[in-house]
Amino acid sequence: MKRKLLVAVGLGGLLYVGLTYFGLAPGMRRQASVIPQAVDLSGSPTGDVAVSAGSVTAVPLPSAKPAALRSPAVRVLVWAWNAQIGFLFSVGGPATTEGSLMAKRGVNIKVERQDDVEKMKASQVQFANALAEGAAHPGVGHHFVIIMGDGAAQYIAAVNKAVEPLGSEYRAEVVGAVGYSRGEDGCWGPAEWRDSPESMKGGAIAAYLRDGDWNLCQYKLANDGIKNNPDETTWDPDAMNWFAAADYLKAVEMYVTGYCEERSVVRNGKITNESKHRICVQGVATWTPGDVNLAKQKGGLVRLISTKENAYQMPAVLIGIRAWNLKNSKTVENLVAAALEGGDQVKHVEAALSKAGQISYNVYADQNAAYWVRYYRGVTERDKTGVPVQLGGATTMNLADNLVLFGLTEGAGGLRASLFKASYEGFGNVVKQQYPTLFPSFPPVEEAVNTQFLQALGSTMQAGEAELASFTPDSGPIAAESVVAKRNWSIQFQTGRADFTPAAQVTLENLYNQLLIGG
């Protein structure tokens, strides 16, 4: 009997140690759910970003025949994402084609779809290691990726940590942007969450965590004063909870198939003795074609917030490895120039947009050419339940748009006062707040962006006309479906003085950044 008791105690001890190791023992402390850092989108939803009619001269369309270029291939990984459609037009296909803008500038591009961000990171780390070993033009890994600019802080921080032993010259850096998401990226949930924010408590969303569309949901939670539970293994009835998806399409698949889990209940950062037997996916963070799949295959959700409202949040940024960029500066300059010329063509020339749709299909091997054109423009369609929902929406960028984004226009103040800084640091700080152990820091914007290529182009090519936000005064009340959130802020002065308190300075800077992002 004594031996059985000892065995039972021993097994119980092992069980507790195991549960403690994984943080599941009752009473164990976890990071408490908190409201994401305060943001403000309420000032921007009524503003539309105007596309100038411009005076762009149409160029001949690229052929489907691969270009005969002797220069080493520059390999680029991309998601299936309409924000980069101008870049794809400049390439002409999965590789640089004859008559394309890249071919005219002698840039031998090979572009490949990769929806898994972790594989993107691993590929760029592999490329950096090959560079450090002495390869001038590595045959492994990828020179560039195109990702969401508002997710660049965590992406660059992760790559830089992996290549740190190689030296700071092998760090990742942004060299330009090729487009904006303008609606296709969104945080989706039941209409009840939109109409009654308190109902979001205890909800659960599937997403690729700590990236652009997750960011949109964090903005929504912050504006409505709802806590976020950063632990995707537990359930907090007083916060929004998460299902970690491998990518944005799998997040939709989890909702469509009705994925559910049993989880331990956490309250105020402490694991309780309770279990929630059925936590199911109620919302999704995704983009096209994810939003279209969601609407057509199941429906029942609405866009709570998207990049249509937050117009400057999500540029599609081109990220490369600094050591290679500097040694091949003319190639990088020509690559960026061709991509931005492609953006101007797709933005203003109907035939170029149509061709870009076909090229998108060729690169993504998904849907058809008309599909990518349709959802690039953005449409309202009825979902499977018959409810009208907004789907898609993106735009391309030219040089002028880049100069505005990175604060390079006359009197704009440079990177430290730029739209990109507001998005990059604002979202980086949200991730750092929610995941302080996993994401303790990220590079300042001056280290994360190399503007030398854009500055060089500013004196050698036509910038075009930038898209700028426009507002219609006295346009009447905002429609209910267009209100992102309502919230009050406390901005205090020093006692007896006309000076702001330190806390008020922080609040005002956050408001400034988020109003910039919203446009």
# chains A, B, ... in the order shown; residues from 1 in each chain; ligands from 1

$ closest_atom_pairs --of "stretch 116-189 of chain A" --to "stretch 371-382 of chain A" --cutoff "12 Å" --atoms "only C-alpha atoms" --output "Markdown table"
| residue | atom | partner | partner_atom | distance |
| --- | --- | --- | --- | --- |
| A:Gly179 | CA | A:Tyr376 | CA | 11.1 |
| A:Tyr180 | CA | A:Tyr376 | CA | 10.6 |
| A:Ser181 | CA | A:Tyr376 | CA | 9.1 |
| A:Arg182 | CA | A:Gly378 | CA | 8.5 |
| A:Gly183 | CA | A:Gly378 | CA | 7.3 |
| A:Glu184 | CA | A:Gly378 | CA | 7.5 |
| A:Asp185 | CA | A:Gly378 | CA | 11.2 |

$ residues_around --residues "A:Leu415" --least-positions-apart "5" --cutoff "10 Å" --atoms "only C-alpha atoms" --output "ChimeraX atom specification"
/A:405-408,420-422,445-446,449-451

$ write_last_selection --atoms "C-alpha atoms" --output "CSV table (one decimal), in the first residue's frame"
chain,number,residue,atom,x,y,z
A,405,LEU,CA,5.5,57.0,-47.4
A,406,PHE,CA,9.2,57.3,-46.3
A,407,GLY,CA,9.1,61.1,-45.5
A,408,LEU,CA,11.4,62.0,-48.4
A,420,PHE,CA,6.1,54.3,-42.5
A,421,LYS,CA,7.6,55.0,-39.1
A,422,ALA,CA,4.1,55.5,-37.7
A,445,VAL,CA,13.2,52.7,-38.3
A,446,GLU,CA,16.5,54.2,-39.4
A,449,VAL,CA,14.9,51.2,-43.9
A,450,ASN,CA,17.6,52.0,-46.5
A,451,THR,CA,16.3,55.0,-48.5

$ select_by_dssp --residues "stretch 181-430 of chain A" --states "strand (DSSP E or B)" --output "CSV table (one decimal) with N, CA, C and O atoms, in the first residue's frame"
chain,number,residue,atom,x,y,z
A,181,SER,N,-2.2,47.7,-49.4
A,181,SER,CA,-3.5,47.0,-49.2
A,181,SER,C,-4.5,48.1,-48.9
A,181,SER,O,-4.3,49.0,-48.1
A,186,GLY,N,-8.3,42.4,-43.7
A,186,GLY,CA,-9.3,42.7,-42.7
A,186,GLY,C,-9.4,41.8,-41.5
A,186,GLY,O,-8.9,40.7,-41.5
A,187,CYS,N,-10.0,42.3,-40.5
A,187,CYS,CA,-10.4,41.6,-39.3
A,187,CYS,C,-11.9,41.3,-39.4
A,187,CYS,O,-12.7,42.3,-39.4
A,188,TRP,N,-12.3,40.1,-39.5
A,188,TRP,CA,-13.6,39.7,-39.7
A,188,TRP,C,-14.2,39.0,-38.4
A,188,TRP,O,-13.6,38.3,-37.7
A,189,GLY,N,-15.5,39.3,-38.2
A,189,GLY,CA,-16.2,38.7,-37.0
A,189,GLY,C,-17.7,38.8,-37.2
A,189,GLY,O,-18.2,39.4,-38.2
A,204,ALA,N,-13.1,34.3,-30.1
A,204,ALA,CA,-11.9,33.6,-30.6
A,204,ALA,C,-11.8,33.9,-32.1
A,204,ALA,O,-12.7,33.6,-32.9
A,205,ILE,N,-10.6,34.3,-32.5
A,205,ILE,CA,-10.3,34.6,-33.9
A,205,ILE,C,-9.1,33.7,-34.4
A,205,ILE,O,-8.1,33.5,-33.7
A,206,ALA,N,-9.2,33.2,-35.6
A,206,ALA,CA,-8.1,32.5,-36.2
A,206,ALA,C,-7.3,33.4,-37.1
A,206,ALA,O,-7.8,34.2,-37.8
A,207,ALA,N,-5.9,33.3,-36.9
A,207,ALA,CA,-5.1,34.3,-37.7
A,207,ALA,C,-3.6,33.7,-37.7
A,207,ALA,O,-3.3,32.9,-36.8
A,227,LYS,N,-9.8,43.7,-23.8
A,227,LYS,CA,-8.5,43.0,-23.6
A,227,LYS,C,-8.2,42.0,-24.6
A,227,LYS,O,-9.1,41.4,-25.2
A,228,ASN,N,-6.9,41.7,-24.8
A,228,ASN,CA,-6.4,40.7,-25.7
A,228,ASN,C,-5.7,39.6,-24.9
A,228,ASN,O,-4.8,40.0,-24.1
A,234,THR,N,-4.9,29.1,-24.1
A,234,THR,CA,-5.9,29.2,-23.0
A,234,THR,C,-7.1,30.0,-23.5
A,234,THR,O,-7.1,30.6,-24.6
A,235,TRP,N,-8.1,30.1,-22.6
A,235,TRP,CA,-9.3,30.9,-22.9
A,235,TRP,C,-9.6,31.8,-21.8
A,235,TRP,O,-9.7,31.4,-20.6
A,239,ALA,N,-11.6,38.5,-22.5
A,239,ALA,CA,-10.7,39.0,-23.5
A,239,ALA,C,-11.0,38.3,-24.8
A,239,ALA,O,-11.7,37.4,-24.9
A,240,MET,N,-10.4,38.9,-25.9
A,240,MET,CA,-10.4,38.2,-27.1
A,240,MET,C,-9.3,37.1,-27.1
A,240,MET,O,-8.2,37.3,-26.6
A,241,ASN,N,-9.6,36.0,-27.7
A,241,ASN,CA,-8.7,34.8,-27.7
A,241,ASN,C,-8.3,34.4,-29.1
A,241,ASN,O,-9.0,34.9,-30.1
A,242,TRP,N,-7.3,33.6,-29.3
A,242,TRP,CA,-6.7,33.4,-30.6
A,242,TRP,C,-6.5,31.9,-30.9
A,242,TRP,O,-6.2,31.1,-30.1
A,243,PHE,N,-6.7,31.6,-32.2
A,243,PHE,CA,-6.2,30.3,-32.8
A,243,PHE,C,-5.1,30.6,-33.7
A,243,PHE,O,-5.2,31.5,-34.6
A,244,ALA,N,-3.9,30.0,-33.5
A,244,ALA,CA,-2.7,30.3,-34.3
A,244,ALA,C,-2.8,29.4,-35.6
A,244,ALA,O,-2.8,28.2,-35.6
A,260,CYS,N,-12.8,23.6,-33.4
A,260,CYS,CA,-13.0,23.9,-32.0
A,260,CYS,C,-11.9,23.2,-31.2
A,260,CYS,O,-11.3,22.2,-31.6
A,261,GLU,N,-11.7,23.7,-30.0
A,261,GLU,CA,-10.7,23.1,-29.0
A,261,GLU,C,-11.3,23.1,-27.6
A,261,GLU,O,-12.2,24.0,-27.3
A,262,GLU,N,-10.7,22.3,-26.7
A,262,GLU,CA,-11.0,22.4,-25.3
A,262,GLU,C,-9.7,23.1,-24.7
A,262,GLU,O,-8.6,22.8,-25.0
A,263,ARG,N,-10.0,24.1,-23.8
A,263,ARG,CA,-8.9,24.9,-23.3
A,263,ARG,C,-9.1,25.1,-21.8
A,263,ARG,O,-10.2,25.2,-21.3
A,264,SER,N,-7.9,25.3,-21.1
A,264,SER,CA,-7.9,25.8,-19.7
A,264,SER,C,-8.4,27.2,-19.7
A,264,SER,O,-8.1,28.0,-20.5
A,265,VAL,N,-9.1,27.6,-18.6
A,265,VAL,CA,-9.6,28.9,-18.4
A,265,VAL,C,-8.6,29.7,-17.7
A,265,VAL,O,-8.0,29.3,-16.7
A,266,VAL,N,-8.3,30.9,-18.1
A,266,VAL,CA,-7.3,31.8,-17.4
A,266,VAL,C,-8.1,33.1,-17.1
A,266,VAL,O,-8.9,33.6,-17.8
A,267,ARG,N,-7.8,33.6,-15.9
A,267,ARG,CA,-8.4,34.8,-15.4
A,267,ARG,C,-7.3,35.7,-14.7
A,267,ARG,O,-6.6,35.2,-13.9
A,270,LYS,N,-3.9,34.1,-14.5
A,270,LYS,CA,-3.7,32.9,-13.7
A,270,LYS,C,-4.6,31.8,-14.2
A,270,LYS,O,-5.8,31.9,-14.4
A,271,ILE,N,-4.0,30.6,-14.4
A,271,ILE,CA,-4.7,29.4,-14.8
A,271,ILE,C,-5.6,28.9,-13.7
A,271,ILE,O,-5.2,28.8,-12.5
A,272,THR,N,-6.9,28.7,-14.0
A,272,THR,CA,-7.8,28.2,-13.0
A,272,THR,C,-8.0,26.7,-13.1
A,272,THR,O,-7.4,26.1,-13.9
A,273,ASN,N,-8.9,26.2,-12.2
A,273,ASN,CA,-9.2,24.8,-12.3
A,273,ASN,C,-10.3,24.5,-13.3
A,273,ASN,O,-10.7,23.3,-13.5
A,274,GLU,N,-10.7,25.5,-14.0
A,274,GLU,CA,-11.8,25.3,-15.0
A,274,GLU,C,-11.3,25.0,-16.3
A,274,GLU,O,-10.2,25.3,-16.7
A,275,SER,N,-12.2,24.3,-17.1
A,275,SER,CA,-11.9,24.1,-18.5
A,275,SER,C,-13.1,24.5,-19.4
A,275,SER,O,-14.2,24.4,-18.9
A,276,LYS,N,-12.8,25.1,-20.5
A,276,LYS,CA,-13.9,25.4,-21.4
A,276,LYS,C,-13.8,24.3,-22.5
A,276,LYS,O,-12.9,24.2,-23.3
A,277,HIS,N,-14.9,23.6,-22.6
A,277,HIS,CA,-14.9,22.4,-23.4
A,277,HIS,C,-15.0,22.6,-24.9
A,277,HIS,O,-14.6,21.8,-25.7
A,278,ARG,N,-15.5,23.8,-25.3
A,278,ARG,CA,-15.7,24.0,-26.7
A,278,ARG,C,-15.5,25.4,-27.1
A,278,ARG,O,-16.3,26.3,-27.0
A,279,ILE,N,-14.2,25.7,-27.4
A,279,ILE,CA,-13.8,27.0,-28.0
A,279,ILE,C,-13.7,26.9,-29.5
A,279,ILE,O,-12.9,26.1,-30.0
A,280,CYS,N,-14.6,27.6,-30.2
A,280,CYS,CA,-14.6,27.5,-31.6
A,280,CYS,C,-14.2,28.8,-32.3
A,280,CYS,O,-14.3,29.9,-31.7
A,283,GLY,N,-14.1,34.2,-35.6
A,283,GLY,CA,-13.7,35.3,-36.5
A,283,GLY,C,-12.4,34.9,-37.2
A,283,GLY,O,-11.8,33.9,-36.9
A,284,VAL,N,-12.0,35.8,-38.1
A,284,VAL,CA,-10.8,35.5,-39.0
A,284,VAL,C,-10.1,36.8,-39.3
A,284,VAL,O,-10.8,37.8,-39.5
A,285,ALA,N,-8.8,36.7,-39.3
A,285,ALA,CA,-8.0,37.8,-39.9
A,285,ALA,C,-7.3,37.3,-41.1
A,285,ALA,O,-6.6,36.3,-41.1
A,286,THR,N,-7.6,37.9,-42.3
A,286,THR,CA,-7.2,37.3,-43.6
A,286,THR,C,-7.2,38.4,-44.6
A,286,THR,O,-7.6,39.5,-44.4
A,302,VAL,N,-18.6,39.8,-40.9
A,302,VAL,CA,-18.5,41.2,-41.6
A,302,VAL,C,-17.1,41.7,-41.3
A,302,VAL,O,-16.4,41.2,-40.3
A,303,ARG,N,-16.6,42.6,-42.1
A,303,ARG,CA,-15.3,43.2,-41.9
A,303,ARG,C,-15.5,44.2,-40.7
A,303,ARG,O,-16.2,45.2,-40.9
A,304,LEU,N,-14.8,43.9,-39.6
A,304,LEU,CA,-14.9,44.8,-38.5
A,304,LEU,C,-14.0,46.0,-38.7
A,304,LEU,O,-14.3,47.1,-38.3
A,305,ILE,N,-12.9,45.8,-39.3
A,305,ILE,CA,-12.0,46.9,-39.7
A,305,ILE,C,-11.1,46.4,-40.8
A,305,ILE,O,-10.8,45.2,-40.8
A,306,SER,N,-10.6,47.2,-41.7
A,306,SER,CA,-9.8,46.8,-42.8
A,306,SER,C,-8.8,47.9,-43.2
A,306,SER,O,-8.9,49.0,-42.7
A,315,PRO,N,1.7,49.1,-46.4
A,315,PRO,CA,2.4,49.1,-47.6
A,315,PRO,C,3.0,47.7,-47.9
A,315,PRO,O,3.4,47.0,-46.9
A,316,ALA,N,3.2,47.3,-49.1
A,316,ALA,CA,3.8,46.1,-49.5
A,316,ALA,C,5.3,46.4,-49.7
A,316,ALA,O,5.7,47.0,-50.7
A,317,VAL,N,6.1,46.0,-48.7
A,317,VAL,CA,7.5,46.5,-48.7
A,317,VAL,C,8.5,45.4,-49.2
A,317,VAL,O,8.2,44.2,-49.0
A,318,LEU,N,9.5,45.8,-49.8
A,318,LEU,CA,10.6,44.9,-50.4
A,318,LEU,C,11.7,44.9,-49.4
A,318,LEU,O,12.3,45.9,-49.1
A,319,ILE,N,12.0,43.7,-48.9
A,319,ILE,CA,13.0,43.5,-47.9
A,319,ILE,C,14.2,42.7,-48.4
A,319,ILE,O,13.9,41.5,-48.9
A,320,GLY,N,15.4,43.2,-48.3
A,320,GLY,CA,16.6,42.4,-48.7
A,320,GLY,C,17.6,42.4,-47.7
A,320,GLY,O,17.4,42.9,-46.6
A,321,ILE,N,18.8,41.8,-47.9
A,321,ILE,CA,19.9,41.7,-47.0
A,321,ILE,C,20.9,42.8,-47.3
A,321,ILE,O,21.3,42.9,-48.5
A,379,VAL,N,-14.8,45.0,-54.4
A,379,VAL,CA,-16.2,44.9,-54.8
A,379,VAL,C,-17.0,44.6,-53.5
A,379,VAL,O,-16.5,44.2,-52.5
A,380,THR,N,-18.3,44.8,-53.7
A,380,THR,CA,-19.3,44.3,-52.7
A,380,THR,C,-20.1,43.2,-53.3
A,380,THR,O,-20.7,43.3,-54.4
A,381,GLU,N,-20.1,42.0,-52.6
A,381,GLU,CA,-20.8,40.9,-53.0
A,381,GLU,C,-21.6,40.3,-51.9
A,381,GLU,O,-21.3,40.5,-50.7
A,382,ARG,N,-22.5,39.4,-52.2
A,382,ARG,CA,-23.3,38.7,-51.2
A,382,ARG,C,-22.6,37.5,-50.8
A,382,ARG,O,-22.1,36.7,-51.6
A,388,PRO,N,-24.5,41.3,-47.9
A,388,PRO,CA,-23.5,42.0,-48.7
A,388,PRO,C,-22.3,42.3,-47.9
A,388,PRO,O,-22.4,42.8,-46.7
A,389,VAL,N,-21.1,41.9,-48.4
A,389,VAL,CA,-19.8,42.2,-47.7
A,389,VAL,C,-18.8,42.8,-48.7
A,389,VAL,O,-18.9,42.5,-49.9
A,390,GLN,N,-17.9,43.5,-48.2
A,390,GLN,CA,-16.9,44.1,-49.0
A,390,GLN,C,-15.7,43.2,-49.1
A,390,GLN,O,-15.3,42.6,-48.1
A,391,LEU,N,-15.2,43.0,-50.3
A,391,LEU,CA,-14.1,42.0,-50.6
A,391,LEU,C,-13.0,42.7,-51.4
A,391,LEU,O,-13.3,43.5,-52.3
A,394,ALA,N,-7.0,47.0,-53.3
A,394,ALA,CA,-5.5,47.2,-53.2
A,394,ALA,C,-5.2,48.3,-54.2
A,394,ALA,O,-6.0,48.8,-55.0
A,395,THR,N,-4.0,48.8,-54.1
A,395,THR,CA,-3.5,49.8,-55.1
A,395,THR,C,-2.0,49.6,-55.2
A,395,THR,O,-1.3,49.0,-54.4
A,396,THR,N,-1.4,50.1,-56.3
A,396,THR,CA,0.0,50.0,-56.6
A,396,THR,C,0.6,51.3,-56.2
A,396,THR,O,0.0,52.3,-55.9

$ closest_residue --among "A:Phe493, A:Tyr259, A:Phe427, A:Tyr364" --to "A:Ile85" --atoms "only C-alpha atoms"
A:Tyr364

$ residues_around --residues "A:Lys65" --least-positions-apart "2" --cutoff "7 Å" --atoms "only C-alpha atoms" --output "short mmCIF file (atom, residue, chain, number, x, y, z; two decimals) with C-alpha atoms, in the first residue's frame"
data_model
loop_
_atom_site.label_atom_id
_atom_site.label_comp_id
_atom_site.auth_asym_id
_atom_site.auth_seq_id
_atom_site.Cartn_x
_atom_site.Cartn_y
_atom_site.Cartn_z
CA SER A 63 5.49 39.04 -73.61
CA ALA A 67 14.07 37.25 -71.38
CA THR A 97 10.06 38.20 -69.70
CA GLU A 98 10.97 39.89 -72.96
#

$ residues_around --residues "A:Thr460" --least-positions-apart "2" --cutoff "12 Å" --atoms "only C-alpha atoms" --output "ChimeraX atom specification"
/A:333-334,337,399,453-458,462-463

$ closest_residue --among "A:Ala38, A:Val430, A:Gln297, A:Glu467" --to "A:Ala222" --atoms "only C-alpha atoms"
A:Ala38

$ decode --residues "stretch 161-187 of chain A" --atoms "N, CA, C and O atoms" --output "PDB file, in the first residue's frame"
ATOM      1  N   LYS A 161      18.118  38.645 -35.629  1.00  0.00           N
ATOM      2  CA  LYS A 161      18.582  37.825 -34.510  1.00  0.00           C
ATOM      3  C   LYS A 161      19.281  36.572 -35.017  1.00  0.00           C
ATOM      4  O   LYS A 161      20.312  36.157 -34.470  1.00  0.00           O
ATOM      5  N   ALA A 162      18.746  35.983 -36.088  1.00  0.00           N
ATOM      6  CA  ALA A 162      19.332  34.758 -36.636  1.00  0.00           C
ATOM      7  C   ALA A 162      20.676  34.999 -37.309  1.00  0.00           C
ATOM      8  O   ALA A 162      21.552  34.131 -37.300  1.00  0.00           O
ATOM      9  N   VAL A 163      20.847  36.172 -37.912  1.00  0.00           N
ATOM     10  CA  VAL A 163      22.102  36.459 -38.636  1.00  0.00           C
ATOM     11  C   VAL A 163      23.080  37.285 -37.805  1.00  0.00           C
ATOM     12  O   VAL A 163      24.163  37.633 -38.297  1.00  0.00           O
ATOM     13  N   GLU A 164      22.727  37.596 -36.567  1.00  0.00           N
ATOM     14  CA  GLU A 164      23.581  38.436 -35.722  1.00  0.00           C
ATOM     15  C   GLU A 164      25.035  37.958 -35.651  1.00  0.00           C
ATOM     16  O   GLU A 164      25.958  38.784 -35.710  1.00  0.00           O
ATOM     17  N   PRO A 165      25.306  36.643 -35.548  1.00  0.00           N
ATOM     18  CA  PRO A 165      26.709  36.199 -35.494  1.00  0.00           C
ATOM     19  C   PRO A 165      27.499  36.549 -36.751  1.00  0.00           C
ATOM     20  O   PRO A 165      28.741  36.592 -36.706  1.00  0.00           O
ATOM     21  N   LEU A 166      26.826  36.805 -37.864  1.00  0.00           N
ATOM     22  CA  LEU A 166      27.521  37.100 -39.118  1.00  0.00           C
ATOM     23  C   LEU A 166      28.026  38.534 -39.172  1.00  0.00           C
ATOM     24  O   LEU A 166      28.949  38.850 -39.931  1.00  0.00           O
ATOM     25  N   GLY A 167      27.407  39.422 -38.405  1.00  0.00           N
ATOM     26  CA  GLY A 167      27.758  40.831 -38.435  1.00  0.00           C
ATOM     27  C   GLY A 167      26.575  41.678 -38.837  1.00  0.00           C
ATOM     28  O   GLY A 167      25.664  41.211 -39.537  1.00  0.00           O
ATOM     29  N   SER A 168      26.600  42.933 -38.427  1.00  0.00           N
ATOM     30  CA  SER A 168      25.449  43.810 -38.652  1.00  0.00           C
ATOM     31  C   SER A 168      25.193  44.083 -40.128  1.00  0.00           C
ATOM     32  O   SER A 168      24.079  44.437 -40.518  1.00  0.00           O
ATOM     33  N   GLU A 169      26.211  43.908 -40.989  1.00  0.00           N
ATOM     34  CA  GLU A 169      26.020  44.182 -42.418  1.00  0.00           C
ATOM     35  C   GLU A 169      25.116  43.157 -43.099  1.00  0.00           C
ATOM     36  O   GLU A 169      24.677  43.360 -44.233  1.00  0.00           O
ATOM     37  N   TYR A 170      24.810  42.064 -42.388  1.00  0.00           N
ATOM     38  CA  TYR A 170      23.948  41.029 -42.970  1.00  0.00           C
ATOM     39  C   TYR A 170      22.499  41.142 -42.487  1.00  0.00           C
ATOM     40  O   TYR A 170      21.710  40.227 -42.680  1.00  0.00           O
ATOM     41  N   ARG A 171      22.173  42.279 -41.889  1.00  0.00           N
ATOM     42  CA  ARG A 171      20.809  42.467 -41.399  1.00  0.00           C
ATOM     43  C   ARG A 171      19.839  42.701 -42.551  1.00  0.00           C
ATOM     44  O   ARG A 171      20.236  43.068 -43.661  1.00  0.00           O
ATOM     45  N   ALA A 172      18.564  42.486 -42.267  1.00  0.00           N
ATOM     46  CA  ALA A 172      17.511  42.718 -43.252  1.00  0.00           C
ATOM     47  C   ALA A 172      17.127  44.197 -43.261  1.00  0.00           C
ATOM     48  O   ALA A 172      17.181  44.863 -42.227  1.00  0.00           O
ATOM     49  N   GLU A 173      16.726  44.697 -44.446  1.00  0.00           N
ATOM     50  CA  GLU A 173      16.339  46.103 -44.549  1.00  0.00           C
ATOM     51  C   GLU A 173      15.293  46.290 -45.641  1.00  0.00           C
ATOM     52  O   GLU A 173      15.260  45.569 -46.637  1.00  0.00           O
ATOM     53  N   VAL A 174      14.433  47.273 -45.433  1.00  0.00           N
ATOM     54  CA  VAL A 174      13.437  47.680 -46.422  1.00  0.00           C
ATOM     55  C   VAL A 174      14.108  48.614 -47.426  1.00  0.00           C
ATOM     56  O   VAL A 174      14.804  49.548 -47.038  1.00  0.00           O
ATOM     57  N   VAL A 175      13.895  48.368 -48.725  1.00  0.00           N
ATOM     58  CA  VAL A 175      14.481  49.235 -49.757  1.00  0.00           C
ATOM     59  C   VAL A 175      13.425  50.008 -50.545  1.00  0.00           C
ATOM     60  O   VAL A 175      13.766  50.846 -51.380  1.00  0.00           O
ATOM     61  N   GLY A 176      12.157  49.732 -50.302  1.00  0.00           N
ATOM     62  CA  GLY A 176      11.090  50.428 -51.014  1.00  0.00           C
ATOM     63  C   GLY A 176       9.770  49.713 -50.807  1.00  0.00           C
ATOM     64  O   GLY A 176       9.697  48.679 -50.125  1.00  0.00           O
ATOM     65  N   ALA A 177       8.716  50.258 -51.394  1.00  0.00           N
ATOM     66  CA  ALA A 177       7.380  49.673 -51.295  1.00  0.00           C
ATOM     67  C   ALA A 177       6.731  49.669 -52.673  1.00  0.00           C
ATOM     68  O   ALA A 177       6.920  50.606 -53.447  1.00  0.00           O
ATOM     69  N   VAL A 178       5.960  48.624 -52.976  1.00  0.00           N
ATOM     70  CA  VAL A 178       5.409  48.464 -54.328  1.00  0.00           C
ATOM     71  C   VAL A 178       3.895  48.617 -54.395  1.00  0.00           C
ATOM     72  O   VAL A 178       3.326  48.629 -55.485  1.00  0.00           O
ATOM     73  N   GLY A 179       3.223  48.727 -53.255  1.00  0.00           N
ATOM     74  CA  GLY A 179       1.771  48.866 -53.278  1.00  0.00           C
ATOM     75  C   GLY A 179       1.224  49.018 -51.876  1.00  0.00           C
ATOM     76  O   GLY A 179       1.962  48.972 -50.880  1.00  0.00           O
ATOM     77  N   TYR A 180      -0.076  49.217 -51.781  1.00  0.00           N
ATOM     78  CA  TYR A 180      -0.789  49.281 -50.513  1.00  0.00           C
ATOM     79  C   TYR A 180      -1.967  48.313 -50.548  1.00  0.00           C
ATOM     80  O   TYR A 180      -2.647  48.182 -51.570  1.00  0.00           O
ATOM     81  N   SER A 181      -2.231  47.679 -49.429  1.00  0.00           N
ATOM     82  CA  SER A 181      -3.529  47.044 -49.247  1.00  0.00           C
ATOM     83  C   SER A 181      -4.528  48.140 -48.933  1.00  0.00           C
ATOM     84  O   SER A 181      -4.277  48.987 -48.079  1.00  0.00           O
ATOM     85  N   ARG A 182      -5.674  48.144 -49.620  1.00  0.00           N
ATOM     86  CA  ARG A 182      -6.688  49.167 -49.397  1.00  0.00           C
ATOM     87  C   ARG A 182      -8.061  48.520 -49.241  1.00  0.00           C
ATOM     88  O   ARG A 182      -9.007  48.847 -49.950  1.00  0.00           O
ATOM     89  N   GLY A 183      -8.144  47.542 -48.335  1.00  0.00           N
ATOM     90  CA  GLY A 183      -9.425  46.898 -48.057  1.00  0.00           C
ATOM     91  C   GLY A 183      -9.331  45.393 -47.991  1.00  0.00           C
ATOM     92  O   GLY A 183     -10.062  44.748 -47.235  1.00  0.00           O
ATOM     93  N   GLU A 184      -8.449  44.773 -48.799  1.00  0.00           N
ATOM     94  CA  GLU A 184      -8.443  43.310 -48.851  1.00  0.00           C
ATOM     95  C   GLU A 184      -7.989  42.686 -47.542  1.00  0.00           C
ATOM     96  O   GLU A 184      -8.380  41.565 -47.219  1.00  0.00           O
ATOM     97  N   ASP A 185      -7.154  43.369 -46.782  1.00  0.00           N
ATOM     98  CA  ASP A 185      -6.737  42.855 -45.475  1.00  0.00           C
ATOM     99  C   ASP A 185      -7.727  43.318 -44.422  1.00  0.00           C
ATOM    100  O   ASP A 185      -7.984  44.524 -44.284  1.00  0.00           O
ATOM    101  N   GLY A 186      -8.274  42.364 -43.673  1.00  0.00           N
ATOM    102  CA  GLY A 186      -9.297  42.744 -42.719  1.00  0.00           C
ATOM    103  C   GLY A 186      -9.400  41.818 -41.530  1.00  0.00           C
ATOM    104  O   GLY A 186      -8.916  40.689 -41.533  1.00  0.00           O
ATOM    105  N   CYS A 187     -10.012  42.341 -40.481  1.00  0.00           N
ATOM    106  CA  CYS A 187     -10.373  41.570 -39.295  1.00  0.00           C
ATOM    107  C   CYS A 187     -11.876  41.324 -39.368  1.00  0.00           C
ATOM    108  O   CYS A 187     -12.665  42.272 -39.385  1.00  0.00           O
TER     109      CYS A 187
END
